[in-house]
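Engineer: Next up is a structure, given as structure tokens.
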Amino acid sequence: MHVLDRVAIGLLATGLLCVATGLLPTGSASDAMTRIAPLLPFLGTVIVLAELTSRAEVFDVLAVRVARAGRGSYPLLFLLCVAFASVTTIALNLDTTAVLLTPVMLALASRVGIAPVPLAMTTVWLANTASLLLPVSNLTNLLAANRVALSPLGLAGRMWAPQLAALVVTMACLWLFFWRRGRRGGPVVDESGLIAVPVSGPGAARAADVRPDTADRYVPPAVHRPADPVLFRACAFACAGFLIAILVADVPLWIASATAALVAVAAFAVRDRSAIRLSLVPWRLLVMVPGMFLVVETVDAHGLHDLLASAIGHHGGTPGLFRAAAVGGGLSNVLNNLPVYLAGEAAVPVANHDQLLALLVGTNAGPVITPWASLATLLWYERCQAHGVRVPVARLMGTGAVLATAAVIAAVGALALTR
């Protein structure tokens with residue numbers, strides 16, 4: 001059993017034990033489960049949609065098109081990869097980016113002749129910092145949108161400036177630490193697989209681990225054609241319909257994701273029945289989320305609420321926004337962003353909508369320092385290890401600390417300026 005499976009089961013067992021022993025009152029537990037009831041079908045169906053979309057080679061075709069659109073220019077490729085990862089996160093959610101886009105980006109690295117780490121870091125950083133715009137982008141966004149009664153377009157209208165600020169900062173950090181000439185050395189293969197690290201800066205490794213970066217351009221890869229064009233078109237259509245439904249129509253997210261997933265499942269049932277299996281359902285997430293909610297509710301009932309209320313404060317002005325974001329981002333890297341947001345939300349006064357959105361900024365853009373700060377980061381780290389790409393924790397934390405600080409400050413500043 002994978003360690004994440006044990007964590008998920010342990011969280012649910014702990015939460016149920018809290019309810020059974022009375023540590024968590026039944027009423028509070030019921031309220032928590034009622035609140036996440038719409039989240040679970042959405043989370044389950046959107047991951048199924050993403051898995052089948054990946055199997056239909058939609059992401060592979062897009063990745064190669066991105067590489068070819070770069071026309072051999074590294075700066076242009078960088079901009080296109082940023083756009084690819086950002087759109088995937090915004091439209092399909094950060095966990096989809098972490099799980100499904102990571103292998104695509106790692107494969108793309110070998111095709112364009114650079115180290116895998118620049119593309120891997122592009123994926124994980126944007127999975128977090130590009131998750132501010134829509135309710136679908138992050139589970140915390142769904143909770144915040146419900147709390148402040150904002151529709152998907154309403155949330156986007158309020159968060160476009162913080163999202164843009166976070167993206168600009170992320171791009172600057174990515175280029176500085178990973179993408180500029182001298183940092184994007186080609187992949188080095190040894191007995192442990194692909195290793196690519198910079199020769200200086202936060203988390204630097206030995207120069208022997210890096211192939212000299214002397215090329216100004218890369219050779220664009222050949223056109224990638226999906227093995228089954230019918231499946232490709234069906235899944236592309238399902239994803240497009242999902243996006244239109246959540247952005248234009250007044251359709252609950254879980255209904256939109258379930259309908260799109262059903263289209264993809266039906267296409268595979270006809271064209272490739274072997275792909276339809278129980279393992280498509282993300283049971284780990286579906287077990288972990290309720291368990292996490294129950295555990296947080298228990299801790300919140302036994303002192304965490306008062307502690308966070310004191311740390312966040314009740315000031316709804318600009319200082320209060322930065323304070324809430326700092327608490328959210330800092331604690332997310334110590335614990336995990338989802339339980340921190342849940343506990344922090346309860347500590348923010350109901351009328352302080354902007355302060356709640358600032359907390360959202362901290363818990364979305366801030367969890368890029370430790371591997372466990374967000375589920376997306378944890379899943380991404382595991383995917384990198386599975387593909388033989390080693391990203392030293394010291395390097396991840398050193399560069400992540402710079403990004404988290406700069407992105408949260410910039411995004412909260414943009415939120416304050418657009419009040």
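How things are named: the first chain in the structure tokens is A, the next is B, and so on; residues count from 1 in each chain; ligands count from 1 in the order shown.
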Could you list, as an mmCIF file with N, CA, C and O atoms, in the first residue's frame, every residue within 9 Å of Ala50 in chain A, counting only C-alpha atoms and ignoring same-chain residues fewer than 2 positions away?
Structural biologist:
```
data_model
loop_
_atom_site.group_PDB
_atom_site.id
_atom_site.type_symbol
_atom_site.label_atom_id
_atom_site.label_comp_id
_atom_site.auth_asym_id
_atom_site.auth_seq_id
_atom_site.Cartn_x
_atom_site.Cartn_y
_atom_site.Cartn_z
ATOM 1 N N THR A 45 -15.576 12.968 -10.252
ATOM 2 C CA THR A 45 -15.853 12.952 -11.695
ATOM 3 C C THR A 45 -14.853 13.767 -12.499
ATOM 4 O O THR A 45 -14.532 13.404 -13.633
ATOM 5 N N VAL A 46 -14.334 14.861 -11.948
ATOM 6 C CA VAL A 46 -13.393 15.665 -12.715
ATOM 7 C C VAL A 46 -12.065 14.931 -12.879
ATOM 8 O O VAL A 46 -11.390 15.067 -13.908
ATOM 9 N N ILE A 47 -11.684 14.121 -11.880
ATOM 10 C CA ILE A 47 -10.464 13.334 -12.020
ATOM 11 C C ILE A 47 -10.653 12.220 -13.046
ATOM 12 O O ILE A 47 -9.758 11.922 -13.843
ATOM 13 N N VAL A 48 -11.828 11.586 -13.056
ATOM 14 C CA VAL A 48 -12.119 10.578 -14.081
ATOM 15 C C VAL A 48 -12.052 11.206 -15.471
ATOM 16 O O VAL A 48 -11.456 10.641 -16.405
ATOM 17 N N LEU A 52 -9.224 10.042 -18.357
ATOM 18 C CA LEU A 52 -9.593 9.564 -19.686
ATOM 19 C C LEU A 52 -9.124 10.528 -20.778
ATOM 20 O O LEU A 52 -8.732 10.105 -21.875
ATOM 21 N N THR A 53 -9.161 11.822 -20.468
ATOM 22 C CA THR A 53 -8.651 12.812 -21.420
ATOM 23 C C THR A 53 -7.164 12.593 -21.680
ATOM 24 O O THR A 53 -6.692 12.694 -22.814
ATOM 25 N N SER A 54 -6.441 12.260 -20.622
ATOM 26 C CA SER A 54 -5.016 11.978 -20.776
ATOM 27 C C SER A 54 -4.796 10.713 -21.601
ATOM 28 O O SER A 54 -3.937 10.676 -22.487
ATOM 29 N N ARG A 55 -5.604 9.670 -21.337
ATOM 30 C CA ARG A 55 -5.467 8.416 -22.087
ATOM 31 C C ARG A 55 -5.821 8.610 -23.566
ATOM 32 O O ARG A 55 -5.260 7.936 -24.440
ATOM 33 N N LEU A 92 -9.216 22.813 -15.027
ATOM 34 C CA LEU A 92 -9.483 21.438 -14.591
ATOM 35 C C LEU A 92 -9.159 21.179 -13.126
ATOM 36 O O LEU A 92 -9.548 20.148 -12.599
ATOM 37 N N THR A 96 -5.341 17.852 -11.024
ATOM 38 C CA THR A 96 -5.224 17.350 -12.388
ATOM 39 C C THR A 96 -3.886 17.753 -12.988
ATOM 40 O O THR A 96 -3.196 16.946 -13.628
ATOM 41 N N LEU A 100 -1.564 14.610 -13.922
ATOM 42 C CA LEU A 100 -1.587 14.271 -15.343
ATOM 43 C C LEU A 100 -0.649 15.106 -16.209
ATOM 44 O O LEU A 100 -0.108 14.614 -17.192
ATOM 45 N N CYS A 235 -13.114 13.308 -26.079
ATOM 46 C CA CYS A 235 -12.639 13.831 -24.795
ATOM 47 C C CYS A 235 -12.353 15.328 -24.873
ATOM 48 O O CYS A 235 -12.590 16.059 -23.906
ATOM 49 N N CYS A 239 -14.222 18.069 -22.437
ATOM 50 C CA CYS A 239 -13.529 19.101 -21.655
ATOM 51 C C CYS A 239 -14.026 20.497 -22.030
ATOM 52 O O CYS A 239 -14.243 21.341 -21.159
ATOM 53 N N ALA A 261 -17.663 13.814 -17.719
ATOM 54 C CA ALA A 261 -17.033 12.516 -17.469
ATOM 55 C C ALA A 261 -17.844 11.398 -18.107
ATOM 56 O O ALA A 261 -17.285 10.425 -18.647
#
```
Engineer: Provide the CA of Ala56 in chain A to CA of Phe232 in chain A distance in Å, to one decimal place.
Structural biologist: 5.0 Å
Engineer: Write down as a VMD selection string the residues of range 228-342 of chain A whose backbone DSSP state falls under helix (DSSP H, G or I).
Structural biologist: chain A and resid 229 to 247 253 to 271 273 to 275 278 to 280 283 to 312 318 to 334 337 to 342
Engineer: With only C-alpha atoms counted and 12 Å as the cut-off, give the residues of range 77-190 of chain A in contact with range 275-289 of chain A, each with its shortest interatomic distance in Å and the pair that gives it, as JSON lines.
Structural biologist:
```
{"residue": "A:Asp95", "atom": "CA", "partner": "A:Leu285", "partner_atom": "CA", "distance": 10.0}
{"residue": "A:Thr96", "atom": "CA", "partner": "A:Pro282", "partner_atom": "CA", "distance": 11.1}
{"residue": "A:Val99", "atom": "CA", "partner": "A:Pro282", "partner_atom": "CA", "distance": 11.2}
{"residue": "A:Leu139", "atom": "CA", "partner": "A:Val289", "partner_atom": "CA", "distance": 9.8}
{"residue": "A:Thr140", "atom": "CA", "partner": "A:Val289", "partner_atom": "CA", "distance": 11.6}
```
Engineer: Measuring atom to atom with only C-alpha atoms, identify which of A:Arg395, A:Leu94, A:Ala256, A:Ser86 is nearest to Asn138 in chain A.
Structural biologist: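 That would be A:Leu94, the residue with the smallest distance to Asn138 in chain A.
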Engineer: Could you list, as a PDB file with N, CA, C and O atoms, in the first residue's frame, every residue within 9 Å of Arg65 in chain A, counting only C-alpha atoms and ignoring same-chain residues fewer than 5 positions away?
Structural biologist:
```
ATOM      1  N   ASP A  60      -1.092  15.058 -24.557  1.00  0.00           N
ATOM      2  CA  ASP A  60       0.131  14.810 -25.329  1.00  0.00           C
ATOM      3  C   ASP A  60       0.140  15.632 -26.614  1.00  0.00           C
ATOM      4  O   ASP A  60       1.162  16.213 -26.983  1.00  0.00           O
ATOM      5  N   GLY A  70       6.700  26.773 -30.109  1.00  0.00           N
ATOM      6  CA  GLY A  70       7.859  27.514 -29.634  1.00  0.00           C
ATOM      7  C   GLY A  70       8.899  27.768 -30.703  1.00  0.00           C
ATOM      8  O   GLY A  70       9.772  28.626 -30.531  1.00  0.00           O
ATOM      9  N   PRO A 221       9.829  18.998 -31.800  1.00  0.00           N
ATOM     10  CA  PRO A 221       9.514  17.575 -32.023  1.00  0.00           C
ATOM     11  C   PRO A 221       8.574  17.383 -33.206  1.00  0.00           C
ATOM     12  O   PRO A 221       7.939  18.326 -33.683  1.00  0.00           O
ATOM     13  N   VAL A 223       5.218  16.045 -35.219  1.00  0.00           N
ATOM     14  CA  VAL A 223       3.788  16.124 -34.911  1.00  0.00           C
ATOM     15  C   VAL A 223       3.342  14.830 -34.219  1.00  0.00           C
ATOM     16  O   VAL A 223       3.730  13.728 -34.625  1.00  0.00           O
ATOM     17  N   HIS A 224       2.559  14.971 -33.169  1.00  0.00           N
ATOM     18  CA  HIS A 224       2.027  13.802 -32.458  1.00  0.00           C
ATOM     19  C   HIS A 224       0.580  13.580 -32.879  1.00  0.00           C
ATOM     20  O   HIS A 224      -0.263  14.464 -32.720  1.00  0.00           O
TER      21      HIS A 224
END
```
Engineer: DSSP says strand (DSSP E) for which residues of range 68-313 of chain A? Put them as a PyMOL selection string?
Structural biologist: chain A and resi 188-190+193-195
Engineer: Which neighbours of Pro371 in chain A fall inside 9 Å, counting only C-alpha atoms, when residues of the same chain fewer than 2 positions from it are skipped, and could you give them as a list of chain:residue names?
Structural biologist: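 With the cut-off at 9 Å, the set is A:Asn333, A:Pro367, A:Val368, A:Ile369, A:Ala373, A:Ser374, A:Leu375, A:Thr377, A:Leu378, A:Leu379, A:Trp380, A:Tyr381, A:Val393, A:Leu396, A:Met397.
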Engineer: Find, counting only C-alpha atoms, the residue in A:Ala311, A:Val112, A:Ala32, A:Leu174 that gets nearest to Leu79 in chain A.
Structural biologist: A:Leu174
